[in-house]
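**Q** What follows is the file target37.cif, containing mmCIF, C-alpha atoms and all ligand atoms:
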data_upload
loop_
_atom_site.label_atom_id
_atom_site.label_comp_id
_atom_site.auth_asym_id
_atom_site.auth_seq_id
_atom_site.Cartn_x
_atom_site.Cartn_y
_atom_site.Cartn_z
CA MET M 22 -37.75 -1.80 -11.75
CA LYS M 23 -34.79 -4.16 -11.60
CA SER M 24 -32.50 -4.06 -8.59
CA ARG M 25 -29.12 -2.36 -8.83
CA ILE M 26 -25.96 -4.45 -9.20
CA TYR M 27 -22.77 -3.49 -7.42
CA ALA M 28 -19.69 -4.86 -9.21
CA ASP M 29 -17.03 -2.47 -7.92
CA HIS M 30 -15.78 -4.31 -4.84
CA ALA M 31 -12.19 -3.19 -5.38
CA ALA M 32 -13.36 0.38 -4.70
CA THR M 33 -15.23 -0.51 -1.54
CA THR M 34 -17.49 -3.28 -0.22
CA PRO M 35 -20.87 -3.30 1.50
CA LEU M 36 -20.79 -3.39 5.29
CA MET M 37 -21.48 -6.91 6.51
CA PRO M 38 -24.71 -7.03 8.62
CA GLU M 39 -22.87 -9.00 11.33
CA ALA M 40 -20.23 -6.23 11.50
CA LEU M 41 -22.90 -3.57 11.90
CA GLU M 42 -24.59 -5.59 14.67
CA ALA M 43 -21.28 -5.98 16.50
CA MET M 44 -20.62 -2.24 16.23
CA LEU M 45 -23.96 -0.95 17.51
CA PRO M 46 -23.42 -1.41 21.28
CA PHE M 47 -20.28 0.75 21.05
CA LEU M 48 -22.19 3.52 19.30
CA LYS M 49 -24.86 3.40 22.00
CA ASP M 50 -24.55 2.30 25.64
CA ASP M 51 -20.93 1.10 25.62
CA PHE M 52 -19.55 4.46 24.51
CA GLY M 53 -16.77 4.60 27.09
CA ASN M 54 -13.20 5.61 26.34
CA PRO M 55 -10.95 2.52 26.60
CA SER M 56 -8.29 4.61 28.39
CA SER M 57 -10.58 5.77 31.22
CA LEU M 58 -10.14 4.39 34.71
CA HIS M 59 -13.85 3.90 35.53
CA GLY M 60 -16.35 1.18 34.69
CA TRP M 61 -17.37 2.69 31.33
CA ALA M 62 -13.95 1.89 29.94
CA LYS M 63 -14.17 -1.83 30.54
CA PRO M 64 -16.45 -3.04 27.71
CA ALA M 65 -14.64 -0.81 25.22
CA ARG M 66 -11.18 -1.88 26.37
CA LYS M 67 -12.17 -5.55 26.32
CA ALA M 68 -13.69 -5.24 22.83
CA VAL M 69 -10.58 -3.53 21.42
CA GLY M 70 -8.36 -6.26 22.92
CA GLU M 71 -10.52 -9.01 21.52
CA ALA M 72 -10.65 -7.38 18.10
CA ARG M 73 -6.86 -7.11 18.05
CA ALA M 74 -6.54 -10.81 18.89
CA THR M 75 -9.10 -11.79 16.24
CA ILE M 76 -7.35 -9.78 13.53
CA ALA M 77 -3.94 -11.11 14.54
CA LYS M 78 -5.17 -14.70 14.32
CA CYS M 79 -6.56 -14.16 10.80
CA ILE M 80 -3.11 -13.22 9.48
CA ASN M 81 -1.01 -15.43 11.82
CA ALA M 82 0.39 -12.48 13.79
CA GLU M 83 0.59 -11.77 17.53
CA PRO M 84 -2.00 -9.30 18.93
CA GLU M 85 0.75 -6.83 19.95
CA GLU M 86 1.87 -6.70 16.31
CA ILE M 87 -1.42 -5.11 15.21
CA VAL M 88 -1.77 -1.31 15.38
CA PHE M 89 -5.10 0.30 14.47
CA THR M 90 -5.02 3.13 11.94
CA SER M 91 -7.59 5.09 9.93
CA GLY M 92 -7.13 2.82 6.90
CA GLY M 93 -4.86 1.85 4.04
CA THR M 94 -3.65 5.36 3.24
CA GLU M 95 -2.49 6.01 6.78
CA SER M 96 -0.84 2.60 7.17
CA ASP M 97 1.05 3.03 3.88
CA ASN M 98 2.14 6.59 4.70
CA TRP M 99 3.27 5.55 8.13
CA VAL M 100 5.59 2.81 6.89
CA VAL M 101 7.06 4.90 4.08
CA LYS M 102 7.52 8.08 6.15
CA GLY M 103 8.31 6.39 9.45
CA SER M 104 11.17 4.34 8.04
CA THR M 105 14.67 5.55 7.25
CA GLY M 106 17.22 4.95 4.47
CA GLY M 107 16.71 4.32 0.75
CA LEU M 108 13.34 3.14 -0.54
CA MET M 109 12.39 0.70 -3.28
CA VAL M 110 8.76 0.71 -4.42
CA SER M 111 6.98 -0.62 -7.47
CA SER M 112 5.75 1.84 -10.08
CA TYR M 113 2.20 0.44 -9.86
CA GLU M 114 1.65 0.87 -6.12
CA HIS M 115 -1.44 2.69 -4.90
CA HIS M 116 -0.89 6.46 -4.65
CA ALA M 117 -0.85 6.09 -0.86
CA VAL M 118 2.60 4.49 -1.26
CA LEU M 119 3.71 6.28 -4.44
CA ASN M 120 2.92 9.82 -3.30
CA ALA M 121 4.35 9.15 0.15
CA ALA M 122 7.56 7.93 -1.53
CA GLU M 123 7.62 11.01 -3.75
CA SER M 124 7.27 13.24 -0.73
CA GLU M 125 10.23 11.42 0.84
CA ALA M 126 12.22 11.84 -2.39
CA ARG M 127 11.65 15.62 -2.14
CA ARG M 128 13.29 15.39 1.26
CA GLU M 129 16.40 13.97 -0.41
CA ARG M 130 15.64 10.36 0.38
CA GLY M 131 16.67 7.97 -2.41
CA VAL M 132 13.75 6.18 -4.09
CA VAL M 133 14.15 3.40 -6.65
CA TYR M 134 11.15 2.28 -8.74
CA VAL M 135 10.63 -1.21 -10.14
CA ARG M 136 8.16 -2.06 -12.87
CA PRO M 137 5.93 -5.13 -12.99
CA LYS M 138 6.14 -7.61 -15.84
CA VAL M 139 4.56 -5.91 -18.83
CA GLY M 140 1.88 -7.18 -21.21
CA SER M 141 -1.66 -8.47 -20.77
CA GLY M 142 -0.52 -11.60 -18.88
CA GLY M 143 1.86 -9.56 -16.70
CA GLY M 144 1.30 -7.22 -13.81
CA TYR M 145 3.34 -9.12 -11.25
CA ILE M 146 6.90 -8.65 -9.95
CA MET M 147 9.61 -11.29 -9.57
CA PRO M 148 12.77 -10.88 -7.42
CA GLU M 149 14.94 -10.54 -10.56
CA LYS M 150 13.33 -7.14 -11.12
CA LEU M 151 14.41 -6.02 -7.65
CA SER M 152 17.88 -7.41 -8.23
CA LYS M 153 18.37 -5.48 -11.50
CA ALA M 154 17.32 -2.17 -9.95
CA TRP M 155 19.05 -2.65 -6.58
CA LYS M 156 21.14 0.19 -5.13
CA ASN M 157 23.22 0.29 -1.99
CA GLY M 158 21.49 2.02 0.90
CA ILE M 159 17.98 0.69 0.23
CA ARG M 160 16.48 -0.07 3.64
CA LEU M 161 12.81 -0.57 2.84
CA VAL M 162 11.16 -2.43 -0.05
CA SER M 163 7.42 -1.85 -0.48
CA ILE M 164 5.57 -4.03 -2.99
CA MET M 165 1.82 -4.57 -2.90
CA THR M 166 0.33 -8.03 -2.36
CA ALA M 167 -2.23 -7.53 -5.11
CA ASN M 168 -2.81 -4.60 -7.43
CA ASN M 169 -6.03 -2.62 -7.08
CA GLU M 170 -6.57 -1.94 -10.78
CA ILE M 171 -5.69 -5.23 -12.42
CA GLY M 172 -5.91 -7.67 -9.50
CA ALA M 173 -2.55 -9.33 -10.21
CA ILE M 174 -1.10 -11.08 -7.16
CA ASN M 175 2.61 -10.85 -6.36
CA PRO M 176 4.82 -13.69 -5.05
CA VAL M 177 5.40 -11.70 -1.86
CA HIS M 178 7.33 -14.44 -0.02
CA LEU M 179 10.00 -14.38 -2.75
CA LEU M 180 10.20 -10.58 -2.75
CA SER M 181 10.54 -10.33 1.03
CA GLU M 182 13.21 -13.04 1.01
CA PHE M 183 15.18 -11.04 -1.53
CA ALA M 184 14.83 -7.79 0.46
CA HIS M 185 15.97 -9.47 3.67
CA LYS M 186 19.02 -11.02 1.98
CA ARG M 187 20.05 -7.48 1.02
CA GLY M 188 19.49 -6.21 4.56
CA ALA M 189 16.27 -4.29 3.85
CA MET M 190 12.86 -4.45 5.56
CA PHE M 191 9.81 -5.51 3.61
CA HIS M 192 6.37 -3.86 3.57
CA THR M 193 3.36 -4.98 1.60
CA ASP M 194 0.20 -3.00 0.92
CA ALA M 195 -2.29 -5.86 1.26
CA VAL M 196 -5.37 -3.61 1.17
CA GLN M 197 -6.90 -5.53 -1.76
CA ALA M 198 -5.83 -8.94 -0.51
CA VAL M 199 -6.71 -9.17 3.20
CA GLY M 200 -9.97 -11.05 3.66
CA HIS M 201 -9.89 -12.28 0.06
CA ILE M 202 -6.85 -14.53 -0.24
CA PRO M 203 -4.94 -16.34 2.55
CA ILE M 204 -2.53 -14.04 4.35
CA ASP M 205 0.16 -15.38 6.67
CA VAL M 206 2.64 -12.73 7.76
CA ARG M 207 5.19 -15.42 8.74
CA THR M 208 5.25 -17.46 5.54
CA MET M 209 5.11 -14.21 3.55
CA GLY M 210 8.14 -12.98 5.51
CA LEU M 211 6.68 -9.55 6.33
CA ASP M 212 7.95 -6.74 8.51
CA PHE M 213 4.93 -4.52 7.76
CA LEU M 214 1.51 -5.07 6.21
CA SER M 215 -1.21 -2.47 5.51
CA ALA M 216 -4.92 -3.31 5.53
CA SER M 217 -8.20 -1.41 5.29
CA ALA M 218 -11.56 -2.62 6.64
CA HIS M 219 -13.80 -1.17 3.94
CA LYS M 220 -12.23 -3.49 1.37
CA PHE M 221 -13.39 -6.56 3.29
CA ASN M 222 -16.94 -5.62 4.30
CA GLY M 223 -15.95 -3.63 7.36
CA PRO M 224 -16.61 0.08 8.00
CA LYS M 225 -14.76 2.92 6.28
CA GLY M 226 -12.05 4.97 7.98
CA ILE M 227 -10.49 2.12 9.91
CA GLY M 228 -7.60 -0.21 9.12
CA PHE M 229 -4.51 -1.64 10.67
CA LEU M 230 -0.80 -1.91 10.28
CA PHE M 231 1.05 -5.11 11.14
CA ILE M 232 4.47 -4.28 12.57
CA ARG M 233 6.63 -7.35 13.24
CA LYS M 234 7.73 -7.67 16.85
CA GLY M 235 11.17 -6.15 17.36
CA VAL M 236 10.94 -3.89 14.31
CA LYS M 237 11.26 -0.14 14.95
CA LEU M 238 9.06 2.41 13.19
CA ASN M 239 8.85 6.09 14.07
CA PRO M 240 5.32 7.11 15.20
CA LEU M 241 3.32 9.04 12.62
CA MET M 242 1.02 10.55 15.23
CA ASN M 243 2.18 11.93 18.55
CA GLY M 244 -0.10 12.37 21.54
CA GLY M 245 -1.41 9.92 24.13
CA GLN M 246 -0.17 6.45 24.91
CA GLN M 247 -2.75 4.55 22.86
CA GLU M 248 -1.44 1.67 20.73
CA ASP M 249 1.68 1.43 22.86
CA GLY M 250 2.53 5.05 22.14
CA LEU M 251 2.88 4.24 18.44
CA ARG M 252 -0.38 5.72 17.21
CA ALA M 253 -1.91 8.28 19.52
CA GLY M 254 -5.61 9.14 19.56
CA THR M 255 -8.73 7.69 21.20
CA GLU M 256 -9.52 4.36 19.59
CA ASN M 257 -12.37 4.14 17.07
CA VAL M 258 -13.91 1.35 19.15
CA ALA M 259 -17.04 0.58 17.12
CA SER M 260 -15.13 0.52 13.84
CA ILE M 261 -12.36 -1.63 15.28
CA VAL M 262 -14.98 -4.16 16.42
CA GLY M 263 -16.74 -4.03 13.03
CA MET M 264 -13.44 -4.54 11.23
CA ALA M 265 -12.53 -7.61 13.31
CA THR M 266 -15.98 -9.14 12.84
CA ALA M 267 -15.88 -8.65 9.07
CA LEU M 268 -12.36 -9.99 8.74
CA LYS M 269 -13.06 -13.10 10.79
CA LEU M 270 -16.20 -13.94 8.82
CA ASN M 271 -14.49 -13.32 5.49
CA CYS M 272 -11.58 -15.54 6.52
CA ASP M 273 -13.97 -18.28 7.70
CA ARG M 274 -15.86 -18.09 4.40
CA MET M 275 -12.84 -17.64 2.14
CA GLU M 276 -12.92 -21.04 0.43
CA GLU M 277 -16.64 -20.84 -0.23
CA ASN M 278 -16.40 -17.23 -1.44
CA THR M 279 -13.46 -18.01 -3.71
CA SER M 280 -15.14 -20.90 -5.45
CA HIS M 281 -18.34 -18.84 -5.90
CA LEU M 282 -16.35 -15.93 -7.33
CA GLU M 283 -14.34 -18.19 -9.62
CA ASN M 284 -17.55 -19.59 -11.04
CA LEU M 285 -18.96 -16.08 -11.57
CA THR M 286 -15.74 -14.86 -13.19
CA LEU M 287 -15.72 -17.80 -15.61
CA ARG M 288 -19.32 -17.03 -16.59
CA LEU M 289 -18.54 -13.34 -17.00
CA ARG M 290 -15.58 -14.00 -19.27
CA ASP M 291 -17.53 -16.58 -21.21
CA GLY M 292 -20.25 -13.98 -21.77
CA ILE M 293 -17.74 -11.30 -22.76
CA GLY M 294 -16.11 -13.79 -25.16
CA ARG M 295 -19.46 -14.22 -26.91
CA ILE M 296 -20.20 -10.49 -27.29
CA PHE M 297 -16.64 -9.21 -27.88
CA PRO M 298 -14.11 -11.92 -28.83
CA ASP M 299 -11.28 -9.36 -29.12
CA ALA M 300 -11.47 -8.28 -25.48
CA VAL M 301 -8.05 -8.03 -23.83
CA TYR M 302 -7.63 -9.13 -20.20
CA LEU M 303 -5.10 -7.58 -17.87
CA GLY M 304 -3.50 -8.91 -14.72
CA ASP M 305 -4.43 -12.57 -15.07
CA GLY M 306 -0.87 -13.76 -15.49
CA ALA M 307 1.25 -16.55 -14.05
CA ALA M 308 1.12 -15.33 -10.47
CA GLY M 309 -2.69 -15.36 -10.25
CA GLN M 310 -5.42 -12.76 -9.84
CA LEU M 311 -7.74 -11.82 -6.98
CA PRO M 312 -11.02 -13.78 -6.87
CA GLY M 313 -13.86 -12.01 -8.67
CA PHE M 314 -11.49 -9.57 -10.40
CA THR M 315 -11.74 -8.77 -14.12
CA SER M 316 -9.79 -5.98 -15.76
CA VAL M 317 -10.80 -5.99 -19.40
CA SER M 318 -10.25 -3.77 -22.39
CA PHE M 319 -12.62 -3.40 -25.33
CA PRO M 320 -10.39 -1.69 -27.91
CA GLY M 321 -12.21 1.06 -29.80
CA HIS M 322 -14.73 1.60 -26.97
CA PRO M 323 -13.74 4.30 -24.45
CA ALA M 324 -14.20 3.09 -20.88
CA GLU M 325 -16.11 6.16 -19.74
CA GLY M 326 -18.87 5.63 -22.28
CA MET M 327 -19.24 1.99 -21.29
CA LEU M 328 -19.23 2.87 -17.63
CA HIS M 329 -22.09 5.34 -18.12
CA GLY M 330 -23.89 2.87 -20.41
CA VAL M 331 -23.99 0.14 -17.75
CA ASP M 332 -24.67 2.71 -15.02
CA LEU M 333 -27.92 3.58 -16.84
CA LYS M 334 -28.91 -0.05 -16.25
CA GLY M 335 -28.12 0.29 -12.55
CA ILE M 336 -24.79 -1.50 -12.73
CA ALA M 337 -21.66 -0.16 -11.02
CA VAL M 338 -18.25 -1.00 -12.48
CA SER M 339 -15.22 1.25 -12.79
CA ALA M 340 -12.67 2.59 -15.23
CA GLY M 341 -9.09 2.62 -13.98
CA ALA M 342 -8.81 3.27 -10.26
CA ALA M 343 -12.16 4.16 -8.76
CA CYS M 344 -10.45 5.65 -5.73
CA ASP M 345 -9.40 8.36 -8.13
CA SER M 346 -12.44 9.14 -10.28
CA ARG M 347 -11.41 12.82 -10.66
CA ASN M 348 -8.23 11.85 -12.40
CA THR M 349 -8.88 11.48 -16.11
CA GLN M 350 -5.28 10.77 -17.09
CA ILE M 351 -4.24 7.29 -18.16
CA SER M 352 -3.75 5.22 -15.08
CA HIS M 353 -0.18 4.78 -13.85
CA VAL M 354 -0.91 1.08 -13.37
CA LEU M 355 -1.91 0.51 -16.98
CA LYS M 356 1.15 2.53 -18.05
CA ALA M 357 3.35 0.37 -15.81
CA VAL M 358 2.22 -2.81 -17.57
CA ASN M 359 2.86 -1.10 -20.92
CA ALA M 360 -0.76 -1.00 -22.03
CA THR M 361 -1.11 1.08 -25.20
CA ASP M 362 -3.16 4.29 -24.93
CA GLU M 363 -5.94 2.59 -26.85
CA ILE M 364 -6.05 -0.40 -24.47
CA ALA M 365 -5.76 1.81 -21.39
CA ARG M 366 -8.57 4.16 -22.44
CA SER M 367 -10.92 1.26 -23.05
CA THR M 368 -10.23 -0.73 -19.88
CA ILE M 369 -12.93 -1.30 -17.32
CA ARG M 370 -12.68 -3.06 -13.98
CA ILE M 371 -15.46 -5.41 -12.92
CA THR M 372 -14.93 -6.66 -9.37
CA LEU M 373 -17.52 -9.10 -8.09
CA GLY M 374 -18.28 -9.89 -4.46
CA PRO M 375 -19.80 -12.82 -2.58
CA GLU M 376 -23.30 -11.31 -2.75
CA ASN M 377 -23.29 -11.21 -6.57
CA THR M 378 -25.20 -13.93 -8.37
CA GLU M 379 -25.15 -15.71 -11.74
CA ASP M 380 -28.17 -13.61 -12.66
CA ASP M 381 -26.14 -10.44 -11.91
CA VAL M 382 -23.42 -11.66 -14.26
CA GLY M 383 -25.98 -12.30 -17.00
CA ARG M 384 -27.28 -8.74 -16.60
CA ILE M 385 -23.75 -7.28 -16.61
CA VAL M 386 -23.00 -9.05 -19.90
CA SER M 387 -26.30 -7.92 -21.49
CA SER M 388 -25.66 -4.32 -20.43
CA LEU M 389 -22.11 -4.44 -21.76
CA LYS M 390 -23.46 -5.76 -25.03
CA ILE M 391 -25.77 -2.73 -25.36
CA ALA M 392 -23.02 -0.32 -24.25
CA LEU M 393 -20.73 -1.82 -26.91
CA GLY M 394 -23.43 -1.29 -29.52
CA GLN M 395 -23.54 -5.04 -30.33
N1 LIG T 1 -3.89 0.65 -1.09
C1 LIG T 1 -4.64 0.02 -2.02
C2 LIG T 1 -4.03 -1.09 -2.82
C3 LIG T 1 -5.98 0.38 -2.24
O1 LIG T 1 -6.70 -0.25 -3.15
C4 LIG T 1 -6.51 1.43 -1.47
C5 LIG T 1 -7.91 1.81 -1.74
O2 LIG T 1 -8.40 2.78 -1.96
C6 LIG T 1 -5.70 2.06 -0.50
C7 LIG T 1 -4.40 1.64 -0.35
C8 LIG T 1 -6.21 3.17 0.38
O3 LIG T 1 -6.97 2.62 1.42
P1 LIG T 1 -7.99 3.55 2.26
O4 LIG T 1 -9.15 3.79 1.35
O5 LIG T 1 -8.37 2.70 3.43
O6 LIG T 1 -7.26 4.75 2.67
#
As a first step, turn the structure in this file into structure tokens.
**A**
Amino acid sequence: MKSRIYADHAATTPLMPEALEAMLPFLKDDFGNPSSLHGWAKPARKAVGEARATIAKCINAEPEEIVFTSGGTESDNWVVKGSTGGLMVSSYEHHAVLNAAESEARRERGVVYVRPKVGSGGGYIMPEKLSKAWKNGIRLVSIMTANNEIGAINPVHLLSEFAHKRGAMFHTDAVQAVGHIPIDVRTMGLDFLSASAHKFNGPKGIGFLFIRKGVKLNPLMNGGQQEDGLRAGTENVASIVGMATALKLNCDRMEENTSHLENLTLRLRDGIGRIFPDAVYLGDGAAGQLPGFTSVSFPGHPAEGMLHGVDLKGIAVSAGAACDSRNTQISHVLKAVNATDEIARSTIRITLGPENTEDDVGRIVSSLKIALGQ
């Protein structure tokens, strides 16, 4: 029996063994509450402080600018709902931003949507798009660093510069990017950044929000004084430690991982080219695409059938957004880049990770070939 192949890293990633090791003491003997006044608190408090400093260093922030949350969805909701004034968001944001913005719109808050560049080489947003759609009163612009369905990377430094010139704050949902491409909150000009540990080999249910020093955001959660009174609730110590360990190791290994993933992606596309020359790629436009990311359409071959076909061979890929497998409608991301119904219905997402091998890629291509009836 051949081993299974996981090629759905944009949905979630395997927990790094080093992260698990680092977490274990806090699930066992060092179970203390960091806020307690006795000796049990000390190891937990120290570990949370160190994790905050580690995470801050990885993205060139200050430790006090990092607030722990339960993940990407919470961080996104917090920024959107905790801010005031008009909102500008892109139409291909994750639903954590889009649905939060819609809920704000129902409360009479103005929301302006901008679309990414359309077409197979598109999927990214330039400042001109923001300029064309601009309306007085916009106080927060939220554009993702990289899209979770097509992997396209945005020129965030240009977008934040534009927002600031118009007097608005800038938030980026960097859930797909943190730990995978270099992130520097200063050169990117960020006021807020959302991240989630399970996308970079950390545990699920933990993430963070970067809030630039001096910037005000209303708390989403009221209660105790944890996280400087900004996000109440006893800290998820073990997960915070696991997240910091995974992020640090991913940042240390980023160059090596990227070149490995670029090699695998080239091989994958080469293989696809041989079995299906008319395949259409999405999101690999001028602004770049996340390492290991392939969003590809096989016109005439519904994605669901292919997904099940490769699943029978023990291979996990996804169709559209895997975070939303119950939603069978055409993805809002593929609509935003103007993909035709035919292209959208036949698009699959193959997202490779550092543990994938050339042999895995060979097996993915062979399984696709069978699923395509070639
Ligand atoms: N934002 C993006 C771009 C994502 O890909 C995801 C993933 O599901 C989220 C937000 C939500 O993150 P979480 O699963 O940590 O709530």
**Q** Enclose the full set of atoms of ligand LIG 1 (chain T) listed in the file within a box whose edges lie along x, y and z, apply 4 Å of padding to each of the six sides, and report centre and edge lengths in Å to one decimal as AutoDock Vina command-line options.
**A**
--center_x -6.5 --center_y 1.8 --center_z 0.1 --size_x 13.3 --size_y 13.8 --size_z 14.6
**Q** Looking at M:Thr34, M:Ser316, M:Ser57, M:Thr279, which one is nearest to ligand LIG 1 (chain T), with distances taken over all atoms listed in the file?
**A**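 Closest residue, counting all atoms listed in the file: M:Thr34.
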**Q** With the cut-off set at 9 Å and counting all atoms listed in the file, tabulate each residue of chain M with an atom at most that distance from an atom of ligand LIG 1 (chain T), showing the nearest atom pair and its distance in Å to one decimal, ordered by chain and increasing number, as a Markdown table.
**A**
| residue | atom | partner | partner_atom | distance |
| --- | --- | --- | --- | --- |
| M:Ala31 | CA | T:LIG1 | O1 | 6.6 |
| M:Ala32 | CA | T:LIG1 | O2 | 6.2 |
| M:Thr33 | CA | T:LIG1 | O2 | 7.6 |
| M:Ser91 | CA | T:LIG1 | O5 | 7.0 |
| M:Gly92 | CA | T:LIG1 | O5 | 3.7 |
| M:Gly93 | CA | T:LIG1 | O3 | 3.5 |
| M:Thr94 | CA | T:LIG1 | O6 | 3.7 |
| M:Glu95 | CA | T:LIG1 | O6 | 6.4 |
| M:Ser96 | CA | T:LIG1 | O6 | 8.1 |
| M:Asp97 | CA | T:LIG1 | C7 | 7.0 |
| M:Glu114 | CA | T:LIG1 | C2 | 6.9 |
| M:His115 | CA | T:LIG1 | N1 | 5.0 |
| M:His116 | CA | T:LIG1 | C7 | 7.4 |
| M:Ala117 | CA | T:LIG1 | C7 | 5.7 |
| M:Val118 | CA | T:LIG1 | N1 | 7.5 |
| M:Met165 | CA | T:LIG1 | C2 | 6.8 |
| M:Thr166 | CA | T:LIG1 | C2 | 8.2 |
| M:Ala167 | CA | T:LIG1 | C2 | 7.1 |
| M:Asn168 | CA | T:LIG1 | C2 | 5.9 |
| M:Asn169 | CA | T:LIG1 | O1 | 4.6 |
| M:Glu170 | CA | T:LIG1 | O1 | 7.8 |
| M:Asp194 | CA | T:LIG1 | N1 | 5.8 |
| M:Ala195 | CA | T:LIG1 | C2 | 6.5 |
| M:Val196 | CA | T:LIG1 | C1 | 4.9 |
| M:Gln197 | CA | T:LIG1 | C2 | 5.4 |
| M:Ala198 | CA | T:LIG1 | C2 | 8.4 |
| M:Ser215 | CA | T:LIG1 | N1 | 7.8 |
| M:Ala216 | CA | T:LIG1 | O5 | 7.2 |
| M:Ser217 | CA | T:LIG1 | O5 | 4.5 |
| M:Ala218 | CA | T:LIG1 | O5 | 7.0 |
| M:His219 | CA | T:LIG1 | O5 | 6.7 |
| M:Lys220 | CA | T:LIG1 | C5 | 7.5 |
| M:Lys225 | CA | T:LIG1 | O5 | 7.0 |
| M:Gly226 | CA | T:LIG1 | O5 | 6.3 |
| M:Ile227 | CA | T:LIG1 | O5 | 6.8 |
| M:Gly228 | CA | T:LIG1 | O5 | 6.4 |
| M:Ala342 | CA | T:LIG1 | O1 | 8.2 |
| M:Ala343 | CA | T:LIG1 | O2 | 7.9 |
| M:Cys344 | CA | T:LIG1 | O2 | 5.2 |
| M:Asp345 | CA | T:LIG1 | O2 | 8.4 |
**Q** Would you mind listing what lies within 10 Å of Asn271 (chain M) as a PDB file with C-alpha atoms, in the frame of the given file, with all atoms listed in the file counted and same-chain residues fewer than 3 positions away left out?
**A**
ATOM      1  CA  MET M  37     -21.480  -6.910   6.510  1.00  0.00           C
ATOM      2  CA  CYS M  79      -6.560 -14.160  10.800  1.00  0.00           C
ATOM      3  CA  VAL M 199      -6.710  -9.170   3.200  1.00  0.00           C
ATOM      4  CA  GLY M 200      -9.970 -11.050   3.660  1.00  0.00           C
ATOM      5  CA  HIS M 201      -9.890 -12.280   0.060  1.00  0.00           C
ATOM      6  CA  ILE M 202      -6.850 -14.530  -0.240  1.00  0.00           C
ATOM      7  CA  PHE M 221     -13.390  -6.560   3.290  1.00  0.00           C
ATOM      8  CA  ASN M 222     -16.940  -5.620   4.300  1.00  0.00           C
ATOM      9  CA  GLY M 223     -15.950  -3.630   7.360  1.00  0.00           C
ATOM     10  CA  ALA M 265     -12.530  -7.610  13.310  1.00  0.00           C
ATOM     11  CA  THR M 266     -15.980  -9.140  12.840  1.00  0.00           C
ATOM     12  CA  ALA M 267     -15.880  -8.650   9.070  1.00  0.00           C
ATOM     13  CA  LEU M 268     -12.360  -9.990   8.740  1.00  0.00           C
ATOM     14  CA  ARG M 274     -15.860 -18.090   4.400  1.00  0.00           C
ATOM     15  CA  MET M 275     -12.840 -17.640   2.140  1.00  0.00           C
ATOM     16  CA  GLU M 276     -12.920 -21.040   0.430  1.00  0.00           C
ATOM     17  CA  GLU M 277     -16.640 -20.840  -0.230  1.00  0.00           C
ATOM     18  CA  ASN M 278     -16.400 -17.230  -1.440  1.00  0.00           C
ATOM     19  CA  PRO M 375     -19.800 -12.820  -2.580  1.00  0.00           C
TER      20      PRO M 375
END
**Q** Considering only C-alpha atoms, return as a ChimeraX atom specification whatever protein or nucleic-acid residues lie within 12 Å of Lys138 (chain M), sequence-local ones (same chain, fewer than 3 positions apart) excluded.
**A** /M:111-113,135,141-151,173-175,303-308,354-360
